[in-house]
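Structure file entry06.txt (compact mmCIF, C-alpha atoms) follows.
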```txt
# COMPACT_ATOMS: atom_id res chain seq x y z
CA MET N 1 66.90 32.18 66.55
CA SER N 2 63.34 33.48 66.26
CA TYR N 3 60.55 31.79 64.33
CA LYS N 4 60.40 34.96 62.24
CA ASP N 5 63.79 34.01 60.76
CA GLN N 6 62.29 30.80 59.36
CA LEU N 7 59.88 30.14 56.51
CA CYS N 8 56.53 31.54 57.63
CA PHE N 9 53.14 31.97 56.02
CA ASP N 10 51.28 35.27 56.33
CA LEU N 11 48.04 35.16 58.29
CA ASN N 12 45.06 37.39 57.52
CA ASP N 13 45.51 39.33 60.78
CA GLY N 14 48.99 40.59 59.90
CA THR N 15 50.93 37.98 61.89
CA LYS N 16 53.02 35.08 60.60
CA MET N 17 52.90 31.34 61.31
CA PRO N 18 56.02 29.16 60.96
CA ALA N 19 55.67 26.59 58.18
CA VAL N 20 57.14 23.77 60.28
CA GLY N 21 55.95 23.07 63.81
CA TYR N 22 56.33 20.35 66.40
CA GLY N 23 53.22 18.33 67.28
CA THR N 24 52.72 16.96 70.78
CA TRP N 25 49.57 14.79 70.70
CA GLN N 26 49.93 11.51 72.65
CA SER N 27 53.37 12.39 73.99
CA GLU N 28 54.07 11.11 77.50
CA GLU N 29 55.83 13.46 79.93
CA ALA N 30 59.32 11.89 80.05
CA ASP N 31 59.40 11.34 76.29
CA LEU N 32 58.10 14.83 75.59
CA ILE N 33 60.66 16.57 77.79
CA LYS N 34 63.50 14.87 75.95
CA ALA N 35 61.97 15.22 72.48
CA LEU N 36 60.94 18.87 72.93
CA ASN N 37 64.42 19.81 74.07
CA THR N 38 65.77 18.06 70.98
CA ALA N 39 63.25 19.88 68.80
CA LEU N 40 64.23 23.27 70.18
CA GLU N 41 67.92 22.47 69.75
CA VAL N 42 67.33 21.40 66.14
CA GLY N 43 65.53 24.68 65.45
CA TYR N 44 61.78 24.17 65.86
CA ARG N 45 60.17 27.40 67.00
CA HIS N 46 56.51 26.46 66.54
CA ILE N 47 54.87 24.14 69.07
CA ASP N 48 51.33 22.77 68.71
CA THR N 49 49.43 21.40 71.70
CA ALA N 50 45.96 21.30 73.28
CA ILE N 51 44.62 21.26 76.80
CA VAL N 52 43.12 17.81 76.10
CA TYR N 53 46.60 16.44 75.29
CA PHE N 54 47.31 16.76 79.03
CA ASN N 55 50.87 17.98 78.38
CA GLU N 56 50.66 21.77 78.30
CA HIS N 57 52.34 21.88 81.72
CA VAL N 58 55.28 19.85 80.37
CA ILE N 59 55.74 22.27 77.48
CA GLY N 60 55.52 25.18 79.91
CA LYS N 61 58.23 23.66 82.09
CA VAL N 62 60.60 23.12 79.15
CA LEU N 63 59.98 26.60 77.74
CA GLN N 64 60.62 28.27 81.07
CA GLU N 65 63.98 26.49 81.29
CA TRP N 66 64.91 27.81 77.86
CA PHE N 67 63.69 31.31 78.70
CA SER N 68 65.44 31.48 82.07
CA SER N 69 68.71 30.25 80.56
CA GLY N 70 68.58 33.04 77.97
CA LYS N 71 68.64 30.61 75.04
CA LEU N 72 65.23 31.84 73.90
CA LYS N 73 62.87 34.75 74.41
CA ARG N 74 59.08 34.45 74.46
CA GLU N 75 58.81 36.30 71.16
CA ASP N 76 61.06 33.70 69.50
CA ILE N 77 58.48 30.94 69.95
CA TYR N 78 55.10 30.38 68.29
CA ILE N 79 52.60 28.52 70.50
CA THR N 80 49.27 27.05 69.39
CA THR N 81 46.76 25.43 71.73
CA LYS N 82 43.04 24.72 71.64
CA LEU N 83 39.69 25.24 73.35
CA PRO N 84 38.45 21.82 74.59
CA PHE N 85 35.31 20.08 73.36
CA ASN N 86 33.50 20.52 76.70
CA ALA N 87 33.83 24.31 76.62
CA TYR N 88 31.80 25.35 73.60
CA ARG N 89 29.80 28.03 75.36
CA ALA N 90 30.83 31.68 75.16
CA ARG N 91 31.08 31.86 78.95
CA SER N 92 33.70 29.08 79.03
CA VAL N 93 36.25 30.47 76.57
CA GLU N 94 38.00 32.88 78.92
CA LYS N 95 38.16 30.24 81.66
CA TYR N 96 39.91 27.70 79.46
CA ILE N 97 42.31 30.02 77.67
CA LYS N 98 43.45 31.21 81.09
CA LYS N 99 43.95 27.58 82.15
CA SER N 100 46.11 26.95 79.10
CA LEU N 101 48.14 30.09 79.72
CA GLU N 102 48.68 29.00 83.31
CA ASN N 103 49.74 25.49 82.21
CA LEU N 104 52.11 26.87 79.59
CA LYS N 105 53.43 29.57 81.94
CA LEU N 106 52.82 32.19 79.26
CA ASP N 107 51.26 35.66 79.17
CA TYR N 108 49.79 35.18 75.70
CA LEU N 109 49.30 32.60 72.94
CA ASP N 110 50.15 33.02 69.30
CA MET N 111 47.19 30.96 68.07
CA TYR N 112 44.08 29.69 69.88
CA LEU N 113 41.87 27.22 68.03
CA ILE N 114 38.40 25.79 68.59
CA HIS N 115 39.35 22.10 68.63
CA GLY N 116 36.35 20.93 66.61
CA PRO N 117 32.83 21.91 65.54
CA PHE N 118 30.95 19.38 67.70
CA GLY N 119 31.14 19.39 71.48
CA PHE N 120 30.39 17.64 74.73
CA VAL N 121 28.31 18.80 77.68
CA GLU N 122 29.84 21.33 80.01
CA GLY N 123 31.60 20.12 83.12
CA GLU N 124 35.00 19.29 84.51
CA GLU N 125 35.42 16.20 82.29
CA PHE N 126 36.90 16.84 78.86
CA PHE N 127 35.30 13.67 77.44
CA PRO N 128 32.13 12.90 79.46
CA LYS N 129 30.43 9.57 78.74
CA ASN N 130 27.05 7.99 79.33
CA GLU N 131 26.71 4.56 80.92
CA ASP N 132 26.58 2.97 77.46
CA GLY N 133 30.06 4.31 76.69
CA LYS N 134 28.87 6.94 74.24
CA PHE N 135 29.78 10.56 74.74
CA LYS N 136 27.49 13.17 76.27
CA LEU N 137 26.93 15.59 73.43
CA ASP N 138 26.06 19.28 73.67
CA TYR N 139 23.44 19.70 70.96
CA ASP N 140 22.96 23.43 71.51
CA ILE N 141 26.33 24.74 70.34
CA ASP N 142 26.18 28.16 68.70
CA HIS N 143 29.34 28.67 66.66
CA VAL N 144 28.66 32.37 66.14
CA SER N 145 28.39 33.27 69.83
CA LEU N 146 31.37 31.00 70.58
CA TRP N 147 33.41 32.80 67.95
CA LYS N 148 32.56 36.20 69.39
CA ALA N 149 34.03 34.99 72.70
CA MET N 150 37.15 33.90 70.81
CA GLU N 151 37.40 37.39 69.31
CA GLU N 152 37.27 38.84 72.82
CA GLN N 153 40.42 36.88 73.70
CA VAL N 154 42.27 38.73 70.94
CA ASP N 155 40.91 42.02 72.27
CA ALA N 156 42.11 41.09 75.77
CA GLY N 157 45.61 40.26 74.52
CA ARG N 158 45.45 36.62 75.61
CA THR N 159 46.08 35.40 72.06
CA LYS N 160 47.36 37.11 68.94
CA SER N 161 45.37 34.99 66.52
CA ILE N 162 42.33 32.72 66.52
CA GLY N 163 41.30 29.85 64.32
CA ILE N 164 39.50 26.53 64.08
CA SER N 165 40.22 22.83 63.72
CA ASN N 166 38.28 20.05 61.98
CA PHE N 167 35.61 22.42 60.59
CA ASN N 168 34.12 21.81 57.14
CA ILE N 169 33.49 24.41 54.44
CA ASN N 170 29.92 25.22 55.46
CA GLN N 171 30.93 25.67 59.10
CA ILE N 172 33.82 27.95 58.16
CA GLN N 173 31.58 30.02 55.88
CA ARG N 174 29.16 30.56 58.77
CA LEU N 175 31.99 32.08 60.81
CA LEU N 176 33.20 34.19 57.89
CA ASP N 177 29.69 35.58 57.46
CA ASN N 178 29.38 36.47 61.14
CA SER N 179 32.86 37.47 62.29
CA ARG N 180 34.58 40.70 63.18
CA ILE N 181 37.93 38.87 63.22
CA PRO N 182 37.87 36.10 60.60
CA PRO N 183 39.53 32.75 61.33
CA ALA N 184 43.24 32.98 60.53
CA ASN N 185 44.00 29.25 60.59
CA LEU N 186 42.29 25.92 59.95
CA GLN N 187 43.94 22.78 61.31
CA VAL N 188 42.80 19.50 59.73
CA GLU N 189 43.99 16.02 58.88
CA LEU N 190 45.90 16.34 55.62
CA HIS N 191 48.46 14.05 54.00
CA ILE N 192 49.28 12.47 50.64
CA ASN N 193 46.44 9.94 50.95
CA MET N 194 43.91 12.62 51.90
CA GLN N 195 44.83 15.99 50.45
CA GLN N 196 41.62 17.90 51.25
CA LYS N 197 41.78 19.71 47.90
CA PRO N 198 38.34 21.45 47.95
CA LEU N 199 38.84 22.53 51.56
CA VAL N 200 42.35 23.86 50.89
CA GLU N 201 41.14 25.76 47.83
CA PHE N 202 38.29 27.29 49.85
CA CYS N 203 40.71 28.41 52.56
CA LYS N 204 43.11 29.94 50.05
CA LYS N 205 40.26 31.92 48.47
CA ASN N 206 39.32 33.21 51.92
CA ASN N 207 42.87 33.94 53.07
CA ILE N 208 42.91 31.23 55.77
CA VAL N 209 46.19 29.39 56.29
CA VAL N 210 45.78 25.62 56.58
CA THR N 211 47.73 23.49 59.05
CA SER N 212 48.12 19.78 58.35
CA TYR N 213 47.99 17.30 61.20
CA SER N 214 48.73 13.59 60.66
CA SER N 215 50.95 14.75 57.80
CA LEU N 216 52.59 11.31 57.63
CA GLY N 217 49.33 9.37 57.93
CA SER N 218 49.72 8.60 61.66
CA PRO N 219 50.55 4.87 61.34
CA GLY N 220 51.97 4.72 64.87
CA THR N 221 49.01 6.50 66.38
CA MET N 222 46.53 4.24 64.63
CA VAL N 223 48.24 1.13 66.01
CA LYS N 224 47.36 2.45 69.48
CA PHE N 225 43.73 2.65 68.34
CA GLY N 226 43.87 -0.91 66.99
CA LYS N 227 43.63 0.24 63.39
CA THR N 228 45.98 -0.52 60.51
CA VAL N 229 46.41 2.17 57.86
CA PRO N 230 48.47 2.33 54.65
CA THR N 231 52.01 3.48 55.36
CA LEU N 232 52.84 6.51 53.22
CA MET N 233 56.54 5.92 53.67
CA GLU N 234 56.25 2.56 51.88
CA ASN N 235 54.28 3.85 48.91
CA PRO N 236 56.39 2.97 45.80
CA SER N 237 55.93 6.42 44.24
CA VAL N 238 56.96 8.18 47.45
CA VAL N 239 59.97 5.88 47.88
CA LYS N 240 61.08 6.44 44.28
CA ILE N 241 60.84 10.22 44.58
CA ALA N 242 62.71 10.12 47.89
CA GLU N 243 65.56 8.22 46.26
CA LYS N 244 65.70 10.81 43.47
CA TYR N 245 66.21 13.69 45.92
CA GLY N 246 68.35 11.80 48.41
CA LYS N 247 65.72 12.35 51.09
CA SER N 248 63.64 10.05 53.29
CA PRO N 249 60.06 9.22 52.28
CA ALA N 250 58.89 11.17 55.34
CA GLN N 251 60.77 14.27 54.20
CA ILE N 252 59.13 13.99 50.77
CA ALA N 253 55.68 13.65 52.35
CA LEU N 254 56.26 16.72 54.51
CA GLN N 255 57.84 18.90 51.83
CA PHE N 256 54.96 18.03 49.49
CA ILE N 257 52.61 19.72 51.94
CA VAL N 258 54.75 22.75 52.82
CA GLN N 259 55.45 23.42 49.14
CA GLN N 260 51.70 24.02 48.71
CA GLY N 261 51.71 26.74 51.37
CA ILE N 262 50.38 24.48 54.13
CA VAL N 263 51.83 24.34 57.67
CA ILE N 264 52.95 20.98 59.08
CA ILE N 265 53.19 19.91 62.74
CA PRO N 266 54.73 16.40 62.64
CA LYS N 267 55.04 14.59 65.94
CA SER N 268 57.79 12.20 66.99
CA VAL N 269 59.66 11.43 70.19
CA ASN N 270 62.46 9.73 68.27
CA GLU N 271 65.40 12.16 68.24
CA LYS N 272 66.55 11.17 64.75
CA ARG N 273 63.10 11.62 63.26
CA VAL N 274 62.52 14.88 65.14
CA ALA N 275 65.59 16.29 63.41
CA GLU N 276 64.77 14.70 60.05
CA ASN N 277 61.23 16.11 60.01
CA PHE N 278 62.57 19.63 60.48
CA LYS N 279 65.16 19.45 57.70
CA ILE N 280 62.90 19.71 54.67
CA LEU N 281 63.33 23.29 53.53
CA ASP N 282 66.63 22.83 51.68
CA PHE N 283 65.12 21.31 48.53
CA LYS N 284 62.14 21.60 46.21
CA ILE N 285 60.11 18.85 44.59
CA ASP N 286 59.82 19.49 40.84
CA ASP N 287 56.47 19.97 39.09
CA GLU N 288 56.35 16.47 37.60
CA ASP N 289 56.93 14.80 40.94
CA MET N 290 54.43 17.11 42.64
CA GLU N 291 51.81 15.99 40.11
CA THR N 292 52.66 12.34 40.79
CA LEU N 293 52.16 12.88 44.50
CA LYS N 294 48.94 14.80 43.96
CA GLY N 295 47.68 11.80 42.00
CA LEU N 296 47.94 9.60 45.10
CA ASP N 297 45.04 11.41 46.79
CA GLN N 298 42.29 9.02 47.91
CA GLY N 299 39.92 11.74 49.05
CA GLU N 300 37.62 10.84 51.93
CA ALA N 301 38.64 7.17 51.66
CA GLY N 302 42.12 8.17 52.82
CA ARG N 303 40.92 9.64 56.13
CA VAL N 304 42.69 8.15 59.14
CA LEU N 305 41.15 10.04 62.07
CA ALA N 306 37.39 9.76 61.65
CA PHE N 307 36.18 10.92 65.05
CA HIS N 308 33.13 8.66 65.12
CA GLU N 309 35.45 5.64 65.13
CA HIS N 310 37.17 6.81 68.32
CA PHE N 311 34.39 8.75 70.07
CA PRO N 312 31.25 6.59 69.75
CA GLY N 313 28.08 8.53 69.11
CA VAL N 314 29.58 11.84 67.97
CA GLU N 315 28.38 11.22 64.43
CA LYS N 316 24.88 12.03 65.72
CA HIS N 317 25.87 15.58 66.56
CA PRO N 318 24.33 18.08 64.10
CA GLU N 319 27.75 19.72 63.67
CA TYR N 320 29.66 16.49 63.00
CA PRO N 321 31.83 17.63 60.08
CA PHE N 322 32.76 14.48 58.18
CA PRO N 323 30.66 12.56 55.59
CA PHE N 324 30.94 9.34 57.58
CA LEU N 325 27.90 7.72 56.01
CA GLU N 326 29.64 7.66 52.64
CA LYS N 327 32.24 5.29 54.03
CA GLU N 328 29.85 2.74 55.53
```
Turn the structure described in the file into structure tokens.
Amino acid sequence: MSYKDQLCFDLNDGTKMPAVGYGTWQSEEADLIKALNTALEVGYRHIDTAIVYFNEHVIGKVLQEWFSSGKLKREDIYITTKLPFNAYRARSVEKYIKKSLENLKLDYLDMYLIHGPFGFVEGEEFFPKNEDGKFKLDYDIDHVSLWKAMEEQVDAGRTKSIGISNFNINQIQRLLDNSRIPPANLQVELHINMQQKPLVEFCKKNNIVVTSYSSLGSPGTMVKFGKTVPTLMENPSVVKIAEKYGKSPAQIALQFIVQQGIVIIPKSVNEKRVAENFKILDFKIDDEDMETLKGLDQGEAGRVLAFHEHFPGVEKHPEYPFPFLEKE
């Protein structure tokens, strides 16, 4: 089965992006091999990764096994990966997209994203640090020249589409005002507790499809970072609505997002949850329940992945996108 046979959202460049993808952040090799095979068997045809996840080669290995067996063709699969934070100079884009293609064992990508608007100094380290533990920032990033290099990757056939991740409205507008190929996709943290309503509305007006990461609030991931966050799946309103539809709270949280025309890329290495997260397109949440869920939005206070909490010093970068001072 091809991803084109599934629910897809139309991108502004004439291509389509599957509404449900499989996320791979923080997946170890053995777990990912097993989980990705399960995901493909269940029906996932959209895989999201990044060179800084250090697992592109694992995905490439699994995909080649599926291709060589004849179970899938390259055109059946939608692959997204990202330009790393240490490569935000025009001269570095071709180098790193080629590295990702080599890791993934692919001739082209479906979507290539700039991983974030702020960056680190050039070099072989993805996350270079000073002696004080703070990150070495590149203060001279030029988004416009970087974007032109991204456009060249489309021209060269290395990726069908290009987009951005973790950019704010002003940063996106700068690209729209100076692009030959406008961004087709914006990937950001988005879930019931933080619905990014102004940003989503801006993207819809400008024909940019939004992808939600941390769609379930990332409670497991935050434990690894030593941070406790509210569990969406235990929210009384979510639980009540899940009982009404005979679905799990996670399925309600995911369908809530997809039903608004937003792509999801949930990550799990648990086989049961991998399957459960994919099976959300056989029901609709009614208008009343959608309004209840929309009312749970906490705005900026609901943000889980504030980069300055995990990458000390990045809040000093002039392109840091989040209003972190409002939370302190």
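Residues within 10 Å of Asp5 (chain N), counting all atoms listed in the file and excluding same-chain residues fewer than 3 positions away, are Met1, Ser2, Cys8, Pro18, Arg45 and Asp76 of chain N.
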message: Can you tell me which residues surround Leu104 (chain N) at a distance of at most 7 Å, considering all atoms listed in the file, apart from same-chain residues fewer than 3 positions away, and format the answer as a PyMOL selection string?
response: chain N and resi 56-57+59-60+100-101
Restrict the calculation to all atoms listed in the file, then for each residue of region 120-221 of chain N with any atom at most 7 Å from an atom of region 305-318 of chain N give the closest atom pair and their distance in Å to one decimal, rows by chain and rising residue number, as JSON lines.
```
{"residue": "N:Lys134", "atom": "CA", "partner": "N:Pro312", "partner_atom": "CA", "distance": 5.1}
{"residue": "N:Phe135", "atom": "CA", "partner": "N:Gly313", "partner_atom": "CA", "distance": 6.2}
{"residue": "N:Leu137", "atom": "CA", "partner": "N:His317", "partner_atom": "CA", "distance": 7.0}
{"residue": "N:Tyr139", "atom": "CA", "partner": "N:His317", "partner_atom": "CA", "distance": 6.5}
```
- request: Can you pull out every residue within 10 Å of Phe54 (chain N), counting all atoms listed in the file, but drop anything in the same chain fewer than 6 positions away, and send it as a VMD selection string?
  value: chain N and resid 24 to 29 103
Just to be explicit: take each residue in the selection above, keep C-alpha atoms, and write the result as a PDB file, keeping the file's coordinate frame.
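What landed in selection_8.pdb:
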```pdb
ATOM      1  CA  THR N  24      52.720  16.960  70.780  1.00  0.00           C
ATOM      2  CA  TRP N  25      49.570  14.790  70.700  1.00  0.00           C
ATOM      3  CA  GLN N  26      49.930  11.510  72.650  1.00  0.00           C
ATOM      4  CA  SER N  27      53.370  12.390  73.990  1.00  0.00           C
ATOM      5  CA  GLU N  28      54.070  11.110  77.500  1.00  0.00           C
ATOM      6  CA  GLU N  29      55.830  13.460  79.930  1.00  0.00           C
ATOM      7  CA  ASN N 103      49.740  25.490  82.210  1.00  0.00           C
TER       8      ASN N 103
END
```
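Among N:Trp66, N:Phe85, N:Tyr96, N:Tyr112, the residue with the shortest atom-to-atom distance to Gly163 (chain N), counting only C-alpha atoms, is N:Tyr112.
Proximity to Val62 (chain N) at 8 Å, evaluated using all atoms listed in the file and with sequence-adjacent residues fewer than 4 positions away removed, yields Ile33, Leu36, Asn37, Val58 and Trp66 of chain N.
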CA of Asn12 (chain N) to CA of Val93 (chain N), distance in Å rounded to a single decimal: 22.1 Å
query: What is the CA of Glu152 (chain N)-CA of Leu109 (chain N) distance in Å, reported with one decimal?
result: 13.6 Å
message: At a cut-off of 10 Å, using only C-alpha atoms, what residues contact region 153-158 of chain N? Leave out same-chain residues fewer than 5 positions from it and give the result as a ChimeraX atom specification.
response: /N:93-94,97-98,101,106-112,147-148,181
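Nearest to Leu186 (chain N) of all the residues N:Thr80, N:Gln251, N:Thr15, N:Ser145 is N:Thr80, based on only C-alpha atoms.
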